[in-house]
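**Q** One file is attached below, coords.txt, containing compact mmCIF, N, CA and C atoms.
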# COMPACT_ATOMS: atom_id res chain seq x y z
N MET W 1 22.34 21.75 -13.83
CA MET W 1 23.21 20.64 -13.49
C MET W 1 23.11 20.34 -11.99
N GLN W 2 23.15 21.40 -11.18
CA GLN W 2 23.10 21.19 -9.74
C GLN W 2 21.73 20.65 -9.33
N CYS W 3 20.67 21.05 -10.03
CA CYS W 3 19.32 20.57 -9.75
C CYS W 3 19.23 19.07 -10.02
N THR W 4 19.84 18.61 -11.11
CA THR W 4 19.84 17.19 -11.44
C THR W 4 20.62 16.40 -10.40
N LEU W 5 21.73 16.91 -9.96
CA LEU W 5 22.54 16.26 -8.94
C LEU W 5 21.78 16.16 -7.62
N THR W 6 21.07 17.22 -7.25
CA THR W 6 20.28 17.22 -6.02
C THR W 6 19.15 16.20 -6.10
N ALA W 7 18.48 16.14 -7.25
CA ALA W 7 17.38 15.18 -7.44
C ALA W 7 17.90 13.75 -7.35
N ALA W 8 19.05 13.47 -7.95
CA ALA W 8 19.63 12.14 -7.90
C ALA W 8 20.02 11.76 -6.47
N LEU W 9 20.55 12.72 -5.73
CA LEU W 9 20.93 12.47 -4.33
C LEU W 9 19.69 12.17 -3.49
N LEU W 10 18.62 12.94 -3.68
CA LEU W 10 17.38 12.70 -2.94
C LEU W 10 16.78 11.34 -3.28
N LEU W 11 16.85 10.95 -4.55
CA LEU W 11 16.34 9.65 -4.96
C LEU W 11 17.12 8.52 -4.29
N CYS W 12 18.43 8.65 -4.22
CA CYS W 12 19.26 7.63 -3.56
C CYS W 12 18.96 7.56 -2.07
N LEU W 13 18.83 8.71 -1.43
CA LEU W 13 18.54 8.73 0.00
C LEU W 13 17.17 8.15 0.30
N SER W 14 16.17 8.46 -0.53
CA SER W 14 14.84 7.93 -0.29
C SER W 14 14.82 6.42 -0.46
N THR W 15 15.61 5.89 -1.38
CA THR W 15 15.70 4.45 -1.56
C THR W 15 16.34 3.80 -0.35
N VAL W 16 17.38 4.40 0.20
CA VAL W 16 18.05 3.87 1.38
C VAL W 16 17.12 3.91 2.59
N VAL W 17 16.41 5.02 2.77
CA VAL W 17 15.50 5.17 3.90
C VAL W 17 14.34 4.18 3.77
N ALA W 18 13.78 4.04 2.58
CA ALA W 18 12.65 3.12 2.37
C ALA W 18 13.09 1.68 2.58
N GLY W 19 14.30 1.35 2.17
CA GLY W 19 14.79 -0.01 2.33
C GLY W 19 15.12 -0.36 3.77
N SER W 20 15.42 0.62 4.59
CA SER W 20 15.80 0.34 5.97
C SER W 20 14.62 0.45 6.93
N GLY W 21 13.41 0.67 6.42
CA GLY W 21 12.23 0.85 7.26
C GLY W 21 11.79 -0.41 7.97
N GLY W 22 12.17 -1.57 7.46
CA GLY W 22 11.78 -2.82 8.09
C GLY W 22 10.44 -3.34 7.60
N TYR W 23 9.78 -2.61 6.70
CA TYR W 23 8.51 -3.07 6.15
C TYR W 23 8.77 -3.84 4.86
N PRO W 24 8.08 -4.96 4.67
CA PRO W 24 8.27 -5.67 3.40
C PRO W 24 7.63 -4.89 2.27
N VAL W 25 8.38 -4.77 1.18
CA VAL W 25 7.89 -4.07 0.00
C VAL W 25 7.85 -5.06 -1.14
N PHE W 26 6.70 -5.20 -1.77
CA PHE W 26 6.54 -6.14 -2.87
C PHE W 26 6.27 -5.35 -4.14
N SER W 27 7.10 -5.57 -5.12
CA SER W 27 6.91 -4.93 -6.42
C SER W 27 6.72 -6.02 -7.46
N PRO W 28 5.51 -6.21 -7.98
CA PRO W 28 5.29 -7.26 -8.97
C PRO W 28 6.16 -7.03 -10.19
N GLY W 29 6.68 -8.11 -10.72
CA GLY W 29 7.46 -8.03 -11.95
C GLY W 29 8.95 -7.88 -11.75
N ASN W 30 9.43 -7.71 -10.51
CA ASN W 30 10.87 -7.54 -10.35
C ASN W 30 11.56 -8.84 -9.94
N GLY W 31 10.81 -9.95 -9.94
CA GLY W 31 11.41 -11.25 -9.65
C GLY W 31 11.39 -11.63 -8.19
N GLU W 32 11.04 -10.70 -7.31
CA GLU W 32 10.99 -11.01 -5.88
C GLU W 32 9.73 -11.78 -5.55
N THR W 33 9.83 -12.61 -4.54
CA THR W 33 8.62 -13.21 -3.99
C THR W 33 8.58 -12.83 -2.52
N LEU W 34 7.39 -12.59 -2.02
CA LEU W 34 7.22 -12.17 -0.65
C LEU W 34 6.11 -12.99 -0.05
N ASP W 35 6.37 -13.63 1.07
CA ASP W 35 5.34 -14.41 1.74
C ASP W 35 4.55 -13.48 2.63
N ALA W 36 3.44 -12.97 2.09
CA ALA W 36 2.61 -12.02 2.83
C ALA W 36 1.87 -12.69 3.98
N CYS W 37 1.78 -14.01 3.98
CA CYS W 37 1.05 -14.72 5.03
C CYS W 37 1.97 -15.20 6.15
N LYS W 38 3.20 -14.75 6.13
CA LYS W 38 4.15 -15.15 7.16
C LYS W 38 3.66 -14.68 8.53
N GLY W 39 3.57 -15.59 9.50
CA GLY W 39 3.15 -15.25 10.84
C GLY W 39 1.65 -15.33 11.06
N ILE W 40 0.88 -15.63 10.02
CA ILE W 40 -0.57 -15.74 10.17
C ILE W 40 -0.92 -17.21 10.40
N THR W 41 -1.68 -17.45 11.46
CA THR W 41 -2.14 -18.82 11.74
C THR W 41 -3.63 -18.90 11.45
N CYS W 42 -4.04 -20.01 10.87
CA CYS W 42 -5.44 -20.21 10.49
C CYS W 42 -6.09 -21.24 11.40
N LYS W 43 -7.34 -21.02 11.70
CA LYS W 43 -8.11 -21.95 12.53
C LYS W 43 -8.61 -23.11 11.68
N ASP W 44 -8.99 -24.21 12.36
CA ASP W 44 -9.59 -25.34 11.65
C ASP W 44 -10.90 -24.91 11.04
N LEU W 45 -11.23 -25.48 9.90
CA LEU W 45 -12.41 -25.05 9.15
C LEU W 45 -13.20 -26.27 8.69
N ALA W 46 -14.47 -26.31 9.04
CA ALA W 46 -15.36 -27.39 8.59
C ALA W 46 -16.47 -26.75 7.77
N CYS W 47 -16.58 -27.12 6.50
CA CYS W 47 -17.56 -26.54 5.61
C CYS W 47 -18.76 -27.46 5.49
N LYS W 48 -19.94 -26.92 5.84
CA LYS W 48 -21.17 -27.69 5.74
C LYS W 48 -21.89 -27.31 4.45
N PRO W 49 -22.52 -28.30 3.78
CA PRO W 49 -23.21 -28.01 2.51
C PRO W 49 -24.25 -26.92 2.71
N PRO W 50 -24.40 -26.06 1.77
CA PRO W 50 -23.92 -26.02 0.39
C PRO W 50 -22.54 -25.40 0.23
N PHE W 51 -21.87 -25.12 1.34
CA PHE W 51 -20.53 -24.54 1.28
C PHE W 51 -19.50 -25.61 0.98
N VAL W 52 -18.47 -25.21 0.23
CA VAL W 52 -17.38 -26.13 -0.10
C VAL W 52 -16.06 -25.49 0.30
N TYR W 53 -15.10 -26.33 0.62
CA TYR W 53 -13.78 -25.90 1.05
C TYR W 53 -13.01 -25.35 -0.15
N LYS W 54 -12.42 -24.19 0.02
CA LYS W 54 -11.56 -23.59 -1.00
C LYS W 54 -10.20 -23.34 -0.39
N ALA W 55 -9.17 -23.88 -1.00
CA ALA W 55 -7.80 -23.76 -0.50
C ALA W 55 -7.30 -22.32 -0.70
N PRO W 56 -6.37 -21.90 0.15
CA PRO W 56 -5.82 -20.54 0.02
C PRO W 56 -5.23 -20.25 -1.36
N LYS W 57 -4.60 -21.24 -1.99
CA LYS W 57 -4.02 -20.99 -3.31
C LYS W 57 -5.08 -20.75 -4.38
N ASP W 58 -6.32 -21.26 -4.15
CA ASP W 58 -7.41 -21.04 -5.11
C ASP W 58 -8.08 -19.69 -4.91
N THR W 59 -8.07 -19.17 -3.69
CA THR W 59 -8.77 -17.92 -3.41
C THR W 59 -7.85 -16.72 -3.30
N GLY W 60 -6.54 -16.94 -3.20
CA GLY W 60 -5.61 -15.82 -3.07
C GLY W 60 -5.58 -15.24 -1.67
N THR W 61 -5.98 -16.03 -0.69
CA THR W 61 -5.98 -15.58 0.70
C THR W 61 -4.94 -16.36 1.49
N CYS W 62 -4.74 -15.98 2.73
CA CYS W 62 -3.80 -16.68 3.59
C CYS W 62 -4.42 -17.94 4.20
N CYS W 63 -5.71 -17.91 4.43
CA CYS W 63 -6.40 -19.02 5.08
C CYS W 63 -7.47 -19.59 4.16
N PRO W 64 -7.83 -20.86 4.38
CA PRO W 64 -8.89 -21.44 3.56
C PRO W 64 -10.24 -20.80 3.86
N LEU W 65 -11.16 -20.92 2.92
CA LEU W 65 -12.50 -20.34 3.05
C LEU W 65 -13.56 -21.39 2.74
N CYS W 66 -14.76 -21.17 3.25
CA CYS W 66 -15.93 -21.94 2.86
C CYS W 66 -16.76 -21.04 1.97
N LEU W 67 -16.94 -21.45 0.72
CA LEU W 67 -17.68 -20.66 -0.24
C LEU W 67 -18.81 -21.49 -0.83
N ALA W 68 -19.87 -20.82 -1.26
CA ALA W 68 -20.99 -21.48 -1.92
C ALA W 68 -21.26 -20.77 -3.24
N GLU W 69 -21.63 -21.55 -4.24
CA GLU W 69 -21.92 -20.97 -5.55
C GLU W 69 -23.18 -20.12 -5.50
N SER W 70 -24.24 -20.66 -4.88
CA SER W 70 -25.47 -19.88 -4.78
C SER W 70 -26.17 -20.23 -3.47
N VAL W 71 -26.35 -19.23 -2.66
CA VAL W 71 -27.04 -19.40 -1.39
C VAL W 71 -28.15 -18.36 -1.33
N LYS W 72 -29.36 -18.81 -1.09
CA LYS W 72 -30.48 -17.91 -0.97
C LYS W 72 -30.69 -17.62 0.51
N VAL W 73 -30.47 -16.39 0.92
CA VAL W 73 -30.63 -15.99 2.31
C VAL W 73 -31.73 -14.94 2.36
N PRO W 74 -32.80 -15.20 3.11
CA PRO W 74 -33.85 -14.18 3.19
C PRO W 74 -33.33 -12.96 3.94
N GLU W 75 -33.69 -11.80 3.42
CA GLU W 75 -33.25 -10.56 4.06
C GLU W 75 -34.05 -10.31 5.32
N ASP W 76 -33.35 -10.03 6.40
CA ASP W 76 -33.99 -9.73 7.68
C ASP W 76 -34.03 -8.22 7.84
N ARG W 77 -35.20 -7.65 7.67
CA ARG W 77 -35.37 -6.21 7.79
C ARG W 77 -36.10 -5.84 9.08
N SER W 78 -36.17 -6.77 10.03
CA SER W 78 -36.90 -6.49 11.27
C SER W 78 -36.26 -5.35 12.06
N TRP W 79 -34.97 -5.15 11.89
CA TRP W 79 -34.28 -4.09 12.63
C TRP W 79 -34.70 -2.71 12.12
N ALA W 80 -35.33 -2.62 10.93
CA ALA W 80 -35.68 -1.32 10.36
C ALA W 80 -37.09 -0.87 10.73
N LYS W 81 -37.81 -1.66 11.54
CA LYS W 81 -39.16 -1.25 11.91
C LYS W 81 -39.11 0.06 12.70
N GLY W 82 -39.97 0.97 12.35
CA GLY W 82 -40.04 2.24 13.05
C GLY W 82 -39.05 3.28 12.56
N LEU W 83 -38.15 2.90 11.67
CA LEU W 83 -37.20 3.88 11.14
C LEU W 83 -37.79 4.55 9.91
N SER W 84 -37.56 5.82 9.78
CA SER W 84 -38.01 6.52 8.57
C SER W 84 -36.83 6.58 7.61
N GLY W 85 -37.08 7.06 6.44
CA GLY W 85 -36.01 7.20 5.46
C GLY W 85 -35.23 8.47 5.63
N GLY W 86 -35.42 9.18 6.71
CA GLY W 86 -34.74 10.45 6.91
C GLY W 86 -35.57 11.57 6.30
N VAL W 87 -34.96 12.70 6.07
CA VAL W 87 -35.65 13.83 5.47
C VAL W 87 -34.96 14.17 4.16
N GLY W 88 -35.66 14.85 3.30
CA GLY W 88 -35.09 15.20 2.00
C GLY W 88 -34.09 16.33 2.10
N MET W 89 -33.53 16.65 0.93
CA MET W 89 -32.55 17.73 0.88
C MET W 89 -33.23 19.07 1.07
N ASN W 90 -32.44 20.08 1.35
CA ASN W 90 -32.93 21.44 1.50
C ASN W 90 -33.45 21.92 0.15
N ASN W 91 -34.51 22.70 0.14
CA ASN W 91 -35.09 23.19 -1.12
C ASN W 91 -34.14 24.07 -1.91
N ASN W 92 -33.16 24.65 -1.26
CA ASN W 92 -32.19 25.52 -1.94
C ASN W 92 -30.97 24.75 -2.45
N ALA W 93 -30.91 23.45 -2.20
CA ALA W 93 -29.75 22.64 -2.60
C ALA W 93 -29.79 22.36 -4.10
N ASP W 94 -28.64 22.06 -4.66
CA ASP W 94 -28.52 21.74 -6.08
C ASP W 94 -29.20 20.40 -6.35
N PRO W 95 -30.23 20.36 -7.19
CA PRO W 95 -30.97 19.11 -7.41
C PRO W 95 -30.16 18.04 -8.13
N ILE W 96 -29.11 18.42 -8.84
CA ILE W 96 -28.29 17.43 -9.55
C ILE W 96 -27.24 16.85 -8.59
N LEU W 97 -26.49 17.71 -7.92
CA LEU W 97 -25.43 17.24 -7.02
C LEU W 97 -25.99 16.51 -5.80
N CYS W 98 -27.20 16.86 -5.38
CA CYS W 98 -27.77 16.28 -4.16
C CYS W 98 -28.83 15.23 -4.48
N ARG W 99 -28.82 14.72 -5.67
CA ARG W 99 -29.79 13.71 -6.08
C ARG W 99 -29.70 12.48 -5.18
N ASP W 100 -30.82 11.97 -4.71
CA ASP W 100 -30.94 10.76 -3.89
C ASP W 100 -30.30 10.89 -2.51
N VAL W 101 -30.02 12.10 -2.06
CA VAL W 101 -29.43 12.27 -0.73
C VAL W 101 -30.50 12.06 0.33
N VAL W 102 -30.11 11.51 1.45
CA VAL W 102 -31.00 11.35 2.60
C VAL W 102 -30.33 12.07 3.77
N CYS W 103 -31.01 13.06 4.31
CA CYS W 103 -30.47 13.84 5.42
C CYS W 103 -31.04 13.33 6.73
N LEU W 104 -30.26 13.44 7.78
CA LEU W 104 -30.72 13.02 9.10
C LEU W 104 -31.71 14.04 9.66
N PRO W 105 -32.71 13.56 10.41
CA PRO W 105 -33.62 14.52 11.05
C PRO W 105 -32.86 15.36 12.07
N LEU W 106 -33.21 16.64 12.16
CA LEU W 106 -32.50 17.55 13.05
C LEU W 106 -33.09 17.54 14.46
N ASP W 107 -32.24 17.79 15.44
CA ASP W 107 -32.65 17.81 16.85
C ASP W 107 -32.83 19.23 17.37
N CYS W 108 -32.78 20.21 16.48
CA CYS W 108 -32.89 21.60 16.93
C CYS W 108 -34.17 22.22 16.38
N PRO W 109 -34.67 23.26 17.04
CA PRO W 109 -35.89 23.92 16.54
C PRO W 109 -35.64 24.59 15.19
N GLU W 110 -36.70 24.85 14.46
CA GLU W 110 -36.58 25.38 13.11
C GLU W 110 -35.85 26.72 13.06
N TYR W 111 -36.04 27.58 14.05
CA TYR W 111 -35.36 28.88 14.04
C TYR W 111 -33.86 28.75 14.25
N ASP W 112 -33.38 27.58 14.68
CA ASP W 112 -31.96 27.35 14.93
C ASP W 112 -31.31 26.57 13.78
N GLN W 113 -31.99 26.44 12.65
CA GLN W 113 -31.47 25.68 11.52
C GLN W 113 -30.89 26.62 10.47
N ILE W 114 -29.83 26.13 9.80
CA ILE W 114 -29.18 26.92 8.75
C ILE W 114 -28.97 26.05 7.52
N PHE W 115 -28.76 26.68 6.40
CA PHE W 115 -28.38 25.99 5.16
C PHE W 115 -27.08 26.61 4.70
N ASP W 116 -26.03 25.78 4.59
CA ASP W 116 -24.70 26.31 4.26
C ASP W 116 -24.28 26.06 2.81
N GLY W 117 -25.25 25.73 1.96
CA GLY W 117 -24.91 25.54 0.55
C GLY W 117 -24.71 24.09 0.18
N ARG W 118 -24.70 23.21 1.16
CA ARG W 118 -24.57 21.79 0.86
C ARG W 118 -25.96 21.20 0.71
N CYS W 119 -26.10 19.92 0.76
CA CYS W 119 -27.38 19.27 0.48
C CYS W 119 -28.38 19.37 1.63
N CYS W 120 -27.93 19.27 2.85
CA CYS W 120 -28.83 19.13 3.99
C CYS W 120 -28.86 20.40 4.85
N THR W 121 -29.98 20.60 5.50
CA THR W 121 -30.11 21.66 6.50
C THR W 121 -29.39 21.19 7.76
N LYS W 122 -28.77 22.12 8.47
CA LYS W 122 -28.01 21.76 9.68
C LYS W 122 -28.44 22.65 10.83
N CYS W 123 -28.12 22.20 12.04
CA CYS W 123 -28.31 23.04 13.22
C CYS W 123 -27.16 24.04 13.27
N LYS W 124 -27.37 25.20 13.85
CA LYS W 124 -26.32 26.22 13.94
C LYS W 124 -25.11 25.70 14.70
N SER W 125 -25.33 24.76 15.62
CA SER W 125 -24.21 24.22 16.38
C SER W 125 -23.27 23.41 15.49
N ALA W 126 -23.72 22.99 14.30
CA ALA W 126 -22.87 22.22 13.38
C ALA W 126 -22.15 23.13 12.39
N LYS W 127 -22.24 24.44 12.59
CA LYS W 127 -21.65 25.41 11.67
C LYS W 127 -20.13 25.44 11.76
N MET W 128 -19.57 24.98 12.90
CA MET W 128 -18.13 25.01 13.09
C MET W 128 -17.43 24.13 12.06
N VAL W 129 -16.36 24.61 11.46
CA VAL W 129 -15.61 23.86 10.46
C VAL W 129 -14.72 22.84 11.17
N THR W 130 -14.79 21.59 10.72
CA THR W 130 -13.97 20.51 11.28
C THR W 130 -13.03 20.00 10.22
N PRO W 131 -12.04 19.18 10.58
CA PRO W 131 -11.13 18.61 9.57
C PRO W 131 -11.87 17.80 8.51
N ALA W 132 -13.00 17.19 8.86
CA ALA W 132 -13.77 16.42 7.88
C ALA W 132 -14.31 17.33 6.78
N ASP W 133 -14.61 18.58 7.12
CA ASP W 133 -15.12 19.52 6.12
C ASP W 133 -14.02 19.92 5.13
N LEU W 134 -12.79 19.81 5.53
CA LEU W 134 -11.67 20.23 4.69
C LEU W 134 -11.16 19.12 3.78
N ALA W 135 -11.62 17.89 4.01
CA ALA W 135 -11.14 16.76 3.22
C ALA W 135 -11.69 16.77 1.82
Would you mind writing the file out in structure tokens?
**A**
Amino acid sequence: MQCTLTAALLLCLSTVVAGSGGYPVFSPGNGETLDACKGITCKDLACKPPFVYKAPKDTGTCCPLCLAESVKVPEDRSWAKGLSGGVGMNNNADPILCRDVVCLPLDCPEYDQIFDGRCCTKCKSAKMVTPADLA
């Protein structure tokens, strides 16, 4: 009984705290409407063919957009000249979990490289555990 009373009290307090935060909260289906675009100003927009003007109510955005049904744009790969695809996974890595992985080339000599059970070989200086490793 006391556990139920405590849970109900916490639920009421969390509702009061959440409501007083000053952030707009939108819950679809409860009858509220919220103007999410309040305070947003849009720049003038001129759409040149093959682009056409689309109103915010048609796109679900705050500002109008210029959209085209089909635009053929040639891919510019000039920035990739001289780049390699990286190096493959370590030979001891799991071939299923590390499928299609591309590892960065290492800047350390071979005797300073380690394999920690993941897909890629690393330099010993990268052995330190960081918050990204814990995510």
**Q** Please report the interatomic distance between atom CA of Arg99 of chain W and atom CA of Cys120 of chain W in Å with one decimal.
**A**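 Separation of atom CA of Arg99 of chain W and atom CA of Cys120 of chain W: 11.5 Å.
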**Q** Suppose you want the space between atom CA of Ala46 of chain W and atom CA of Leu65 of chain W; what is it in Å?
**A**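 One can read the atom CA of Ala46 of chain W to atom CA of Leu65 of chain W distance as 9.4 Å.
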**Q** Between W:Glu69, W:Asp76, W:Glu110, W:Asp116, which one has atoms that come closest to Asp94 of chain W, using only C-alpha atoms?
**A**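 Of W:Glu69, W:Asp76, W:Glu110, W:Asp116, the one nearest Asp94 of chain W, counting only C-alpha atoms, is W:Asp116.
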**Q** What gap, in Å, lies between atom N of Val87 of chain W and atom CA of Val73 of chain W?
**A**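 Rounded to one decimal, the two atoms are 29.3 Å apart.
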**Q** Can you list, as an mmCIF file with N, CA and C atoms, keeping the file's coordinate frame, every protein, DNA or RNA residue that comes within 10 Å of Pro64 of chain W when you count only C-alpha atoms, leaving out same-chain residues fewer than 4 positions away?
**A**
data_model
loop_
_atom_site.group_PDB
_atom_site.id
_atom_site.type_symbol
_atom_site.label_atom_id
_atom_site.label_comp_id
_atom_site.auth_asym_id
_atom_site.auth_seq_id
_atom_site.Cartn_x
_atom_site.Cartn_y
_atom_site.Cartn_z
ATOM 1 N N CYS W 42 -4.040 -20.010 10.870
ATOM 2 C CA CYS W 42 -5.440 -20.210 10.490
ATOM 3 C C CYS W 42 -6.090 -21.240 11.400
ATOM 4 N N LYS W 43 -7.340 -21.020 11.700
ATOM 5 C CA LYS W 43 -8.110 -21.950 12.530
ATOM 6 C C LYS W 43 -8.610 -23.110 11.680
ATOM 7 N N ASP W 44 -8.990 -24.210 12.360
ATOM 8 C CA ASP W 44 -9.590 -25.340 11.650
ATOM 9 C C ASP W 44 -10.900 -24.910 11.040
ATOM 10 N N LEU W 45 -11.230 -25.480 9.900
ATOM 11 C CA LEU W 45 -12.410 -25.050 9.150
ATOM 12 C C LEU W 45 -13.200 -26.270 8.690
ATOM 13 N N TYR W 53 -15.100 -26.330 0.620
ATOM 14 C CA TYR W 53 -13.780 -25.900 1.050
ATOM 15 C C TYR W 53 -13.010 -25.350 -0.150
ATOM 16 N N LYS W 54 -12.420 -24.190 0.020
ATOM 17 C CA LYS W 54 -11.560 -23.590 -1.000
ATOM 18 C C LYS W 54 -10.200 -23.340 -0.390
ATOM 19 N N ALA W 55 -9.170 -23.880 -1.000
ATOM 20 C CA ALA W 55 -7.800 -23.760 -0.500
ATOM 21 C C ALA W 55 -7.300 -22.320 -0.700
ATOM 22 N N PRO W 56 -6.370 -21.900 0.150
ATOM 23 C CA PRO W 56 -5.820 -20.540 0.020
ATOM 24 C C PRO W 56 -5.230 -20.250 -1.360
ATOM 25 N N LYS W 57 -4.600 -21.240 -1.990
ATOM 26 C CA LYS W 57 -4.020 -20.990 -3.310
ATOM 27 C C LYS W 57 -5.080 -20.750 -4.380
ATOM 28 N N ASP W 58 -6.320 -21.260 -4.150
ATOM 29 C CA ASP W 58 -7.410 -21.040 -5.110
ATOM 30 C C ASP W 58 -8.080 -19.690 -4.910
ATOM 31 N N THR W 59 -8.070 -19.170 -3.690
ATOM 32 C CA THR W 59 -8.770 -17.920 -3.410
ATOM 33 C C THR W 59 -7.850 -16.720 -3.300
ATOM 34 N N GLY W 60 -6.540 -16.940 -3.200
ATOM 35 C CA GLY W 60 -5.610 -15.820 -3.070
ATOM 36 C C GLY W 60 -5.580 -15.240 -1.670
#
**Q** Residues near segment 82-84 of chain W, anyone? I mean within 10 Å using only C-alpha atoms, not counting same-chain ones fewer than 4 positions away, as an MDAnalysis selection string.
**A** chainID W and resid 78 104:105
**Q** For those residues, write N, CA and C atoms to a file as an mmCIF file, keeping the file's coordinate frame.
**A**
data_model
loop_
_atom_site.group_PDB
_atom_site.id
_atom_site.type_symbol
_atom_site.label_atom_id
_atom_site.label_comp_id
_atom_site.auth_asym_id
_atom_site.auth_seq_id
_atom_site.Cartn_x
_atom_site.Cartn_y
_atom_site.Cartn_z
ATOM 1 N N SER W 78 -36.170 -6.770 10.030
ATOM 2 C CA SER W 78 -36.900 -6.490 11.270
ATOM 3 C C SER W 78 -36.260 -5.350 12.060
ATOM 4 N N LEU W 104 -30.260 13.440 7.780
ATOM 5 C CA LEU W 104 -30.720 13.020 9.100
ATOM 6 C C LEU W 104 -31.710 14.040 9.660
ATOM 7 N N PRO W 105 -32.710 13.560 10.410
ATOM 8 C CA PRO W 105 -33.620 14.520 11.050
ATOM 9 C C PRO W 105 -32.860 15.360 12.070
#
**Q** Around the point (-30.3, 22.9, 14.4) (coordinates from the file), which residues reach within 6 Å if we count all atoms listed in the file? Answer as a list in words.
**A**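 Protein, DNA and RNA residues close to (-30.3, 22.9, 14.4): Leu106, Asp107, Cys108, Pro109, Asp112, Gln113, Ile114, Lys122, Cys123, Lys124 and Ser125 of chain W.
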